[in-house]
>>> print(open('data05.txt').read())   # compact mmCIF, C-alpha atoms
# COMPACT_ATOMS: atom_id res chain seq x y z
CA MET Y 1 74.32 -223.67 -87.33
CA LYS Y 2 77.69 -222.76 -85.81
CA TYR Y 3 79.86 -225.70 -84.74
CA LEU Y 4 83.07 -226.04 -82.78
CA VAL Y 5 85.03 -229.14 -83.75
CA THR Y 6 87.97 -229.96 -81.49
CA GLY Y 7 90.75 -232.06 -82.96
CA ALA Y 8 90.03 -230.55 -86.36
CA ALA Y 9 93.40 -231.58 -87.81
CA GLY Y 10 92.86 -235.16 -86.71
CA PHE Y 11 91.62 -238.08 -88.75
CA ILE Y 12 87.96 -238.05 -87.72
CA GLY Y 13 87.96 -234.34 -86.90
CA ALA Y 14 88.99 -233.16 -90.36
CA ALA Y 15 86.49 -235.46 -92.07
CA THR Y 16 83.74 -234.24 -89.73
CA CYS Y 17 84.52 -230.60 -90.52
CA LEU Y 18 84.27 -231.30 -94.25
CA LYS Y 19 80.91 -233.02 -93.76
CA LEU Y 20 79.53 -230.10 -91.77
CA LEU Y 21 80.79 -227.56 -94.30
CA ALA Y 22 79.17 -229.53 -97.13
CA ALA Y 23 75.89 -229.11 -95.22
CA ASN Y 24 76.43 -225.31 -95.15
CA HIS Y 25 77.25 -225.01 -91.46
CA THR Y 26 79.81 -222.58 -90.07
CA VAL Y 27 82.72 -224.40 -88.45
CA VAL Y 28 85.49 -223.32 -86.11
CA GLY Y 29 88.14 -226.02 -85.79
CA ILE Y 30 90.80 -226.15 -83.11
CA ASP Y 31 93.82 -228.41 -82.69
CA ASN Y 32 97.13 -228.14 -80.86
CA LEU Y 33 98.99 -229.87 -83.72
CA ASN Y 34 101.08 -231.95 -81.32
CA ASP Y 35 103.78 -234.30 -82.56
CA TYR Y 36 102.27 -237.59 -81.36
CA TYR Y 37 102.42 -238.43 -85.06
CA ASP Y 38 103.61 -236.62 -88.20
CA VAL Y 39 102.48 -232.99 -88.00
CA ASN Y 40 102.79 -232.72 -91.79
CA LEU Y 41 99.86 -235.10 -92.17
CA LYS Y 42 97.78 -232.90 -89.89
CA LEU Y 43 98.75 -229.80 -91.85
CA ALA Y 44 97.88 -231.56 -95.11
CA ARG Y 45 94.40 -232.34 -93.74
CA LEU Y 46 93.95 -228.66 -92.91
CA GLU Y 47 94.88 -227.71 -96.49
CA GLN Y 48 91.52 -229.17 -97.54
CA PHE Y 49 89.74 -226.25 -95.84
CA LYS Y 50 91.35 -223.45 -97.84
CA LYS Y 51 88.43 -223.38 -100.28
CA HIS Y 52 85.87 -223.15 -97.48
CA PRO Y 53 85.24 -219.55 -96.33
CA GLU Y 54 82.93 -220.79 -93.56
CA PHE Y 55 85.80 -222.58 -91.84
CA THR Y 56 88.15 -220.98 -89.31
CA PHE Y 57 91.12 -222.77 -87.79
CA VAL Y 58 92.56 -221.84 -84.41
CA LYS Y 59 95.70 -223.49 -83.06
CA MET Y 60 94.81 -224.16 -79.45
CA ASP Y 61 95.33 -226.76 -76.73
CA ILE Y 62 92.07 -227.83 -75.10
CA ALA Y 63 93.99 -228.13 -71.80
CA ASP Y 64 94.51 -224.34 -71.84
CA ARG Y 65 91.64 -223.25 -69.61
CA ASN Y 66 91.85 -219.50 -70.24
CA ALA Y 67 92.16 -219.81 -74.01
CA MET Y 68 89.23 -222.22 -74.17
CA SER Y 69 87.07 -220.00 -71.98
CA GLU Y 70 87.80 -217.00 -74.20
CA LEU Y 71 87.10 -218.95 -77.39
CA PHE Y 72 83.69 -220.11 -76.18
CA ALA Y 73 82.74 -216.64 -74.95
CA ASN Y 74 83.75 -214.95 -78.20
CA GLU Y 75 82.30 -217.45 -80.66
CA GLN Y 76 79.01 -218.52 -79.03
CA PHE Y 77 78.73 -221.95 -80.64
CA ASP Y 78 75.40 -223.68 -81.20
CA ARG Y 79 76.86 -227.18 -81.03
CA VAL Y 80 80.20 -228.71 -80.15
CA ILE Y 81 81.72 -231.91 -81.53
CA HIS Y 82 84.60 -232.72 -79.21
CA LEU Y 83 87.03 -235.16 -80.86
CA ALA Y 84 90.36 -233.86 -79.54
CA ALA Y 85 92.14 -236.32 -77.26
CA GLN Y 86 95.45 -237.98 -76.69
CA ALA Y 87 94.86 -241.17 -78.62
CA GLY Y 88 96.46 -244.60 -78.54
CA VAL Y 89 96.23 -247.48 -76.09
CA ARG Y 90 99.91 -248.42 -75.86
CA TYR Y 91 101.19 -244.84 -75.59
CA SER Y 92 99.03 -244.39 -72.48
CA ILE Y 93 101.26 -246.96 -70.78
CA GLU Y 94 104.36 -244.92 -71.64
CA ASN Y 95 103.04 -241.40 -71.04
CA PRO Y 96 99.91 -241.31 -68.86
CA ASP Y 97 100.40 -237.61 -68.06
CA ALA Y 98 99.59 -236.67 -71.65
CA TYR Y 99 96.23 -238.43 -71.28
CA ALA Y 100 95.44 -236.70 -68.01
CA ASP Y 101 96.12 -233.29 -69.55
CA SER Y 102 94.21 -233.74 -72.80
CA ASN Y 103 91.52 -236.30 -72.01
CA LEU Y 104 90.63 -235.20 -68.48
CA VAL Y 105 91.56 -231.53 -68.09
CA GLY Y 106 90.78 -230.80 -71.74
CA HIS Y 107 87.41 -232.51 -71.53
CA LEU Y 108 86.56 -230.51 -68.42
CA ASN Y 109 87.41 -227.28 -70.22
CA VAL Y 110 85.05 -228.23 -73.06
CA LEU Y 111 82.28 -229.00 -70.58
CA GLU Y 112 82.82 -225.69 -68.82
CA GLY Y 113 82.74 -223.81 -72.12
CA CYS Y 114 79.48 -225.48 -73.07
CA ARG Y 115 77.95 -224.86 -69.65
CA HIS Y 116 78.74 -221.16 -69.45
CA ASN Y 117 77.78 -220.35 -73.03
CA LYS Y 118 74.51 -222.25 -73.40
CA VAL Y 119 75.70 -224.69 -76.05
CA LYS Y 120 72.66 -226.60 -77.30
CA HIS Y 121 74.38 -230.00 -77.68
CA LEU Y 122 77.80 -231.47 -76.92
CA VAL Y 123 78.83 -234.60 -78.84
CA TYR Y 124 82.11 -236.11 -77.66
CA ALA Y 125 84.35 -239.04 -78.53
CA SER Y 126 84.40 -242.00 -76.22
CA SER Y 127 85.90 -245.33 -77.28
CA SER Y 128 85.17 -249.03 -77.66
CA SER Y 129 88.15 -249.54 -75.35
CA VAL Y 130 85.89 -248.75 -72.37
CA TYR Y 131 84.51 -252.30 -72.63
CA GLY Y 132 87.82 -253.57 -71.26
CA LEU Y 133 87.51 -257.04 -69.77
CA ASN Y 134 84.04 -257.64 -71.22
CA ALA Y 135 83.94 -261.04 -72.88
CA LYS Y 136 80.32 -260.94 -74.03
CA THR Y 137 79.80 -259.82 -77.62
CA PRO Y 138 78.51 -257.83 -79.29
CA PHE Y 139 79.32 -254.97 -76.91
CA GLU Y 140 76.14 -253.22 -75.88
CA THR Y 141 75.79 -249.84 -74.20
CA THR Y 142 73.87 -251.60 -71.43
CA ASP Y 143 77.03 -253.58 -70.51
CA SER Y 144 79.22 -252.75 -67.54
CA VAL Y 145 82.29 -250.69 -68.50
CA ASP Y 146 83.91 -250.56 -65.08
CA HIS Y 147 87.01 -252.64 -65.87
CA PRO Y 148 89.20 -250.87 -68.47
CA VAL Y 149 92.53 -252.49 -69.36
CA SER Y 150 94.41 -249.31 -70.31
CA PHE Y 151 94.66 -245.83 -68.87
CA TYR Y 152 93.44 -244.44 -72.21
CA ALA Y 153 90.24 -246.46 -71.77
CA ALA Y 154 89.92 -245.23 -68.19
CA THR Y 155 90.04 -241.60 -69.36
CA LYS Y 156 87.30 -242.27 -71.89
CA LYS Y 157 85.10 -243.85 -69.24
CA ALA Y 158 85.81 -240.78 -67.10
CA ASN Y 159 84.70 -238.54 -69.97
CA GLU Y 160 81.30 -240.22 -69.96
CA LEU Y 161 80.95 -239.78 -66.20
CA MET Y 162 82.02 -236.15 -66.37
CA ALA Y 163 79.54 -235.47 -69.17
CA HIS Y 164 76.72 -237.05 -67.18
CA SER Y 165 77.43 -234.86 -64.17
CA TYR Y 166 77.16 -231.73 -66.36
CA SER Y 167 74.01 -233.02 -68.03
CA HIS Y 168 72.50 -233.58 -64.58
CA LEU Y 169 73.71 -230.40 -62.90
CA TYR Y 170 73.30 -227.92 -65.74
CA SER Y 171 70.85 -229.61 -68.15
CA LEU Y 172 73.58 -229.65 -70.81
CA PRO Y 173 72.59 -232.14 -73.53
CA THR Y 174 75.52 -234.51 -74.09
CA THR Y 175 76.03 -237.49 -76.40
CA GLY Y 176 79.03 -239.81 -76.10
CA LEU Y 177 80.07 -241.93 -79.07
CA ARG Y 178 82.09 -245.09 -78.49
CA PHE Y 179 84.16 -245.38 -81.67
CA PHE Y 180 85.14 -248.80 -83.04
CA THR Y 181 88.42 -249.03 -85.03
CA VAL Y 182 88.05 -246.30 -87.64
CA TYR Y 183 90.12 -246.58 -90.83
CA GLY Y 184 90.31 -245.03 -94.29
CA PRO Y 185 91.98 -242.21 -96.26
CA TRP Y 186 93.85 -239.66 -94.11
CA GLY Y 187 94.04 -242.24 -91.30
CA ARG Y 188 96.37 -242.13 -88.31
CA PRO Y 189 99.94 -243.45 -88.77
CA ASP Y 190 99.88 -245.17 -85.36
CA MET Y 191 97.04 -247.49 -86.35
CA ALA Y 192 97.33 -250.96 -87.87
CA PRO Y 193 96.10 -250.24 -91.45
CA TYR Y 194 98.71 -247.50 -91.85
CA ILE Y 195 101.53 -249.43 -90.16
CA PHE Y 196 100.85 -252.59 -92.16
CA THR Y 197 100.69 -250.74 -95.47
CA GLN Y 198 103.87 -248.79 -94.79
CA LYS Y 199 105.84 -251.89 -93.81
CA ILE Y 200 104.54 -254.11 -96.60
CA LEU Y 201 105.47 -251.52 -99.22
CA ALA Y 202 108.94 -251.18 -97.66
CA GLY Y 203 109.45 -254.94 -97.63
CA ASP Y 204 109.57 -254.98 -93.83
CA THR Y 205 108.03 -257.61 -91.56
CA ILE Y 206 104.69 -256.84 -89.92
CA ASP Y 207 104.01 -257.86 -86.31
CA ILE Y 208 100.74 -259.74 -85.84
CA ASN Y 209 99.47 -259.83 -82.27
CA ASN Y 210 97.93 -262.89 -80.61
CA ASN Y 211 99.14 -264.90 -83.59
CA GLY Y 212 96.47 -263.31 -85.75
CA ASP Y 213 93.56 -264.45 -83.60
CA MET Y 214 92.08 -260.98 -83.07
CA TRP Y 215 88.87 -259.40 -84.26
CA ARG Y 216 88.11 -255.73 -84.86
CA ASP Y 217 84.93 -253.91 -85.82
CA PHE Y 218 86.68 -251.98 -88.59
CA THR Y 219 84.54 -248.98 -89.61
CA TYR Y 220 85.20 -246.83 -92.66
CA ILE Y 221 85.71 -243.11 -92.08
CA ASP Y 222 82.78 -241.94 -94.25
CA ASP Y 223 80.41 -244.20 -92.32
CA ILE Y 224 81.73 -242.93 -89.00
CA VAL Y 225 81.36 -239.27 -89.95
CA GLU Y 226 77.83 -239.83 -91.21
CA GLY Y 227 76.98 -241.26 -87.81
CA VAL Y 228 78.69 -238.42 -85.92
CA VAL Y 229 76.83 -235.69 -87.80
CA ARG Y 230 73.49 -237.48 -87.50
CA ALA Y 231 74.05 -237.93 -83.76
CA ALA Y 232 74.73 -234.20 -83.41
CA GLU Y 233 71.28 -233.50 -84.84
CA ILE Y 234 69.52 -235.70 -82.23
CA VAL Y 235 69.58 -233.65 -79.02
CA PRO Y 236 68.99 -235.72 -75.85
CA GLU Y 237 66.11 -234.68 -73.63
CA ARG Y 238 65.28 -235.20 -69.98
CA ASP Y 239 63.46 -238.40 -69.06
CA ASP Y 240 61.97 -238.03 -65.61
CA SER Y 241 60.70 -241.63 -65.69
CA TRP Y 242 64.25 -243.05 -65.93
CA ARG Y 243 65.54 -244.85 -62.83
CA VAL Y 244 69.01 -246.18 -62.02
CA GLU Y 245 67.56 -249.51 -60.94
CA THR Y 246 65.76 -250.21 -64.21
CA GLY Y 247 67.22 -247.83 -66.80
CA SER Y 248 70.12 -248.25 -69.20
CA PRO Y 249 73.47 -246.77 -68.11
CA ALA Y 250 73.66 -245.26 -71.59
CA SER Y 251 70.77 -242.91 -70.80
CA SER Y 252 69.53 -240.97 -67.80
CA SER Y 253 66.88 -238.74 -66.34
CA ALA Y 254 69.28 -235.99 -67.47
CA PRO Y 255 69.68 -235.08 -71.18
CA PHE Y 256 72.44 -237.65 -71.64
CA LYS Y 257 73.09 -240.44 -74.15
CA VAL Y 258 75.90 -242.83 -75.01
CA TYR Y 259 75.99 -244.82 -78.27
CA ASN Y 260 78.26 -247.34 -79.95
CA ILE Y 261 79.33 -246.22 -83.40
CA GLY Y 262 80.84 -248.98 -85.50
CA HIS Y 263 80.21 -251.31 -88.40
CA GLY Y 264 78.58 -254.04 -86.30
CA SER Y 265 80.41 -256.93 -87.98
CA PRO Y 266 83.91 -257.72 -86.69
CA ILE Y 267 86.62 -258.78 -89.12
CA ASN Y 268 89.43 -261.20 -88.28
CA LEU Y 269 92.83 -259.50 -88.30
CA MET Y 270 94.17 -261.95 -90.88
CA GLU Y 271 91.29 -261.16 -93.23
CA PHE Y 272 92.04 -257.45 -92.87
CA ILE Y 273 95.71 -258.05 -93.66
CA SER Y 274 94.70 -260.16 -96.64
CA SER Y 275 92.63 -257.23 -97.95
CA ILE Y 276 95.69 -254.97 -97.71
CA GLU Y 277 97.87 -257.56 -99.46
CA SER Y 278 95.29 -257.89 -102.23
CA ALA Y 279 94.99 -254.12 -102.73
CA LEU Y 280 98.80 -253.74 -102.81
CA GLY Y 281 99.49 -256.89 -104.83
CA ILE Y 282 102.16 -257.85 -102.28
CA VAL Y 283 102.30 -260.71 -99.79
CA ALA Y 284 103.41 -259.45 -96.38
CA LYS Y 285 106.31 -260.83 -94.37
CA LYS Y 286 104.73 -261.80 -91.06
CA ASN Y 287 105.92 -262.14 -87.48
CA PHE Y 288 103.31 -263.76 -85.26
CA ARG Y 289 103.55 -262.80 -81.58
CA GLU Y 290 101.65 -262.90 -78.30
CA MET Y 291 98.95 -260.48 -77.18
CA GLN Y 292 100.38 -257.08 -76.23
CA PRO Y 293 99.64 -255.12 -73.01
CA GLY Y 294 96.42 -253.08 -73.24
CA ASP Y 295 95.08 -255.01 -76.24
CA VAL Y 296 91.65 -256.62 -76.28
CA TYR Y 297 90.82 -259.82 -78.13
CA GLN Y 298 87.70 -258.62 -79.93
CA THR Y 299 85.69 -255.47 -80.50
CA TYR Y 300 82.16 -255.82 -81.80
CA ALA Y 301 79.58 -253.05 -81.69
CA ASP Y 302 75.87 -253.42 -81.18
CA THR Y 303 74.70 -250.23 -82.92
CA GLN Y 304 70.95 -250.82 -82.90
CA ASP Y 305 70.19 -247.93 -80.54
CA LEU Y 306 72.14 -245.46 -82.69
CA PHE Y 307 70.42 -246.77 -85.81
CA ALA Y 308 67.02 -246.43 -84.16
CA ALA Y 309 67.76 -242.84 -83.12
CA THR Y 310 69.42 -241.58 -86.31
CA GLY Y 311 68.91 -244.08 -89.14
CA TYR Y 312 72.71 -244.44 -89.27
CA LYS Y 313 73.88 -247.72 -90.78
CA PRO Y 314 77.38 -248.31 -92.22
CA GLN Y 315 77.56 -248.91 -95.96
CA VAL Y 316 81.23 -249.59 -96.81
CA GLY Y 317 82.59 -253.13 -96.67
CA ILE Y 318 86.15 -254.04 -95.74
CA LYS Y 319 87.48 -254.72 -99.26
CA GLU Y 320 86.09 -251.48 -100.66
CA GLY Y 321 87.29 -249.47 -97.66
CA VAL Y 322 90.80 -250.91 -97.67
CA ALA Y 323 91.09 -250.31 -101.43
CA GLU Y 324 90.14 -246.64 -100.90
CA PHE Y 325 92.73 -246.31 -98.15
CA ILE Y 326 95.48 -247.89 -100.29
CA THR Y 327 94.63 -245.61 -103.23
CA TRP Y 328 94.90 -242.55 -100.97
CA TYR Y 329 98.11 -243.79 -99.33
CA LYS Y 330 99.87 -244.37 -102.66
CA ASP Y 331 98.77 -240.98 -103.95
CA PHE Y 332 99.69 -239.07 -100.78
CA TYR Y 333 103.13 -240.64 -100.49
CA ASN Y 334 103.77 -240.99 -104.24
CA LYS Y 335 104.23 -244.76 -103.96
>>> encode(input="data05.txt", output="structure tokens")
Amino acid sequence: MKYLVTGAAGFIGAATCLKLLAANHTVVGIDNLNDYYDVNLKLARLEQFKKHPEFTFVKMDIADRNAMSELFANEQFDRVIHLAAQAGVRYSIENPDAYADSNLVGHLNVLEGCRHNKVKHLVYASSSSVYGLNAKTPFETTDSVDHPVSFYAATKKANELMAHSYSHLYSLPTTGLRFFTVYGPWGRPDMAPYIFTQKILAGDTIDINNNGDMWRDFTYIDDIVEGVVRAAEIVPERDDSWRVETGSPASSSAPFKVYNIGHGSPINLMEFISSIESALGIVAKKNFREMQPGDVYQTYADTQDLFAATGYKPQVGIKEGVAEFITWYKDFYNK
């Protein structure tokens, strides 16, 4: 099977490419290698592919319509796993234009490439942030997601709507995955596990939002990638019996699905920090502060529908996962 993976130099993207290559697929990975965070980390992820002859990397911006159109026409992919996006909740407050370019225009270019080149299945990254003002937990794909609290979340909700329109109009099978707080080796430097580890090792004070009263459905990278690859193998089909009035918004009469992908057991932020302290053998200096703009109090995934469809169920607990991340971090940065 020939796959396109967008965001191939990213955290989840690189791990997904490795998983596909281990299963003997051919993979073309694209990434624009932007400087939202350290480009050297992205380049180091790509170094892992040098021993894989079935992998090809192309530096490309998904917002470049002509380049994307040419790539799809030349390569004729069987399946696409679209993970490229401008990430980060807080940065979307500072620079919304970057999110419009990558998450909206870029997503459209992927949809157009799939449509015109008969791609058999598009899997794309949505986000748990779409649940926005939802207070009911666990978050279920049957819940309303019409009240995002960040522009980043709004673009991810838009991605789902755009995908549905293409599934309906062109019978393009699409699957959206709402990711819940992914962490682990090769993780992103703008996320809490990385920031906390870096500051604790440096003897700096860590900022703890909402005075530590926050909950996240932390999900280890290997578990996430297992779920992504399994989801790619389950191609949605039409369901002519589905009706708006009675059907789930996560499915459709079109070949369209949306799933949560997370651990399904939220961890208190203070417990997560304690796991980092334990793995490092250092007690952190802490600054407790109020909730920050764009943050949500709790994320908690109901993943039963994904488990029913794919058999996917996370295996790695928080202590084991944090220990693996700390081991990688120390090795990568020679700490």
>>> atom_distance(input="data05.txt", atom1="atom CA of Asp240 of chain Y", atom2="atom CA of Ser252 of chain Y")
8.4 Å
>>> atom_distance(input="data05.txt", atom1="atom CA of Ile282 of chain Y", atom2="atom CA of Leu41 of chain Y")
25.0 Å
>>> residues_around(input="data05.txt", residues="Gln86 of chain Y", least_positions_apart="4", cutoff="10 Å", atoms="only C-alpha atoms", output="ChimeraX atom specification")
/Y:7,34,36,91-92,96-104,106,152,155
>>> residues_around(input="data05.txt", residues="segment 314-324 of chain Y", least_positions_apart="5", cutoff="6 Å", atoms="all atoms listed in the file", output="list of chain:residue names")
Y:Asp223, Y:His263, Y:Ser275, Y:Ala279
>>> atom_distance(input="data05.txt", atom1="atom CA of Asp217 of chain Y", atom2="atom CA of Gly311 of chain Y")
19.1 Å
>>> residues_around(input="data05.txt", residues="Thr6 of chain Y", least_positions_apart="5", cutoff="7 Å", atoms="all atoms listed in the file", output="list of chain:residue names")
Y:Gly13, Y:Gly29, Y:Ile30, Y:Asp31, Y:Ile81, Y:His82, Y:Leu83, Y:Ala84
>>> residues_around(input="data05.txt", residues="Asn209 of chain Y", least_positions_apart="4", cutoff="6 Å", atoms="all atoms listed in the file", output="list of chain:residue names")
Y:Arg289, Y:Glu290, Y:Met291
>>> closest_residue(input="data05.txt", among="Y:Gly88, Y:Gly212, Y:Pro173, Y:Gly262", to="Val235 of chain Y", atoms="only C-alpha atoms")
Y:Pro173
>>> closest_residue(input="data05.txt", among="Y:Thr310, Y:Gln304, Y:Asn260, Y:Thr205", to="Ile234 of chain Y", atoms="all atoms listed in the file")
Y:Thr310
>>> closest_atom_pairs(input="data05.txt", of="segment 120-140 of chain Y", to="segment 160-163 of chain Y", cutoff="12 Å", atoms="all atoms listed in the file", output="tab-separated table")
residue	atom	partner	partner_atom	distance
Y:His121	CA	Y:Ala163	CA	11.4
Y:Leu122	CA	Y:Ala163	CA	8.9
Y:Val123	CA	Y:Ala163	CA	9.7
Y:Tyr124	CA	Y:Glu160	CA	8.8
Y:Ala125	CA	Y:Glu160	CA	9.2
Y:Ser126	CA	Y:Glu160	CA	7.2
Y:Ser127	CA	Y:Glu160	CA	10.0
Y:Val130	CA	Y:Glu160	CA	10.0
>>> closest_residue(input="data05.txt", among="Y:Leu4, Y:Ala254, Y:Leu46, Y:Val149", to="Ser241 of chain Y", atoms="all atoms listed in the file")
Y:Ala254
>>> closest_residue(input="data05.txt", among="Y:Val27, Y:Val244, Y:Ile221, Y:Ala309", to="Val258 of chain Y", atoms="only C-alpha atoms")
Y:Ala309
>>> closest_residue(input="data05.txt", among="Y:Cys114, Y:Leu33, Y:Ala308, Y:Val58", to="Ala85 of chain Y", atoms="only C-alpha atoms")
Y:Leu33
>>> residues_around(input="data05.txt", residues="Lys257 of chain Y", least_positions_apart="3", cutoff="7 Å", atoms="all atoms listed in the file", output="ChimeraX atom specification")
/Y:174-176,236,250-251
>>> closest_residue(input="data05.txt", among="Y:Ala301, Y:Met60, Y:Met68, Y:Val296", to="Phe180 of chain Y", atoms="only C-alpha atoms")
Y:Ala301
>>> axis_aligned_box(input="data05.txt", around="segment 101-113 of chain Y", padding_each_side="4 Å", output="JSON")
{"center_x": 89.2, "center_y": -230.1, "center_z": -70.6, "size_x": 21.8, "size_y": 20.5, "size_z": 13.0}
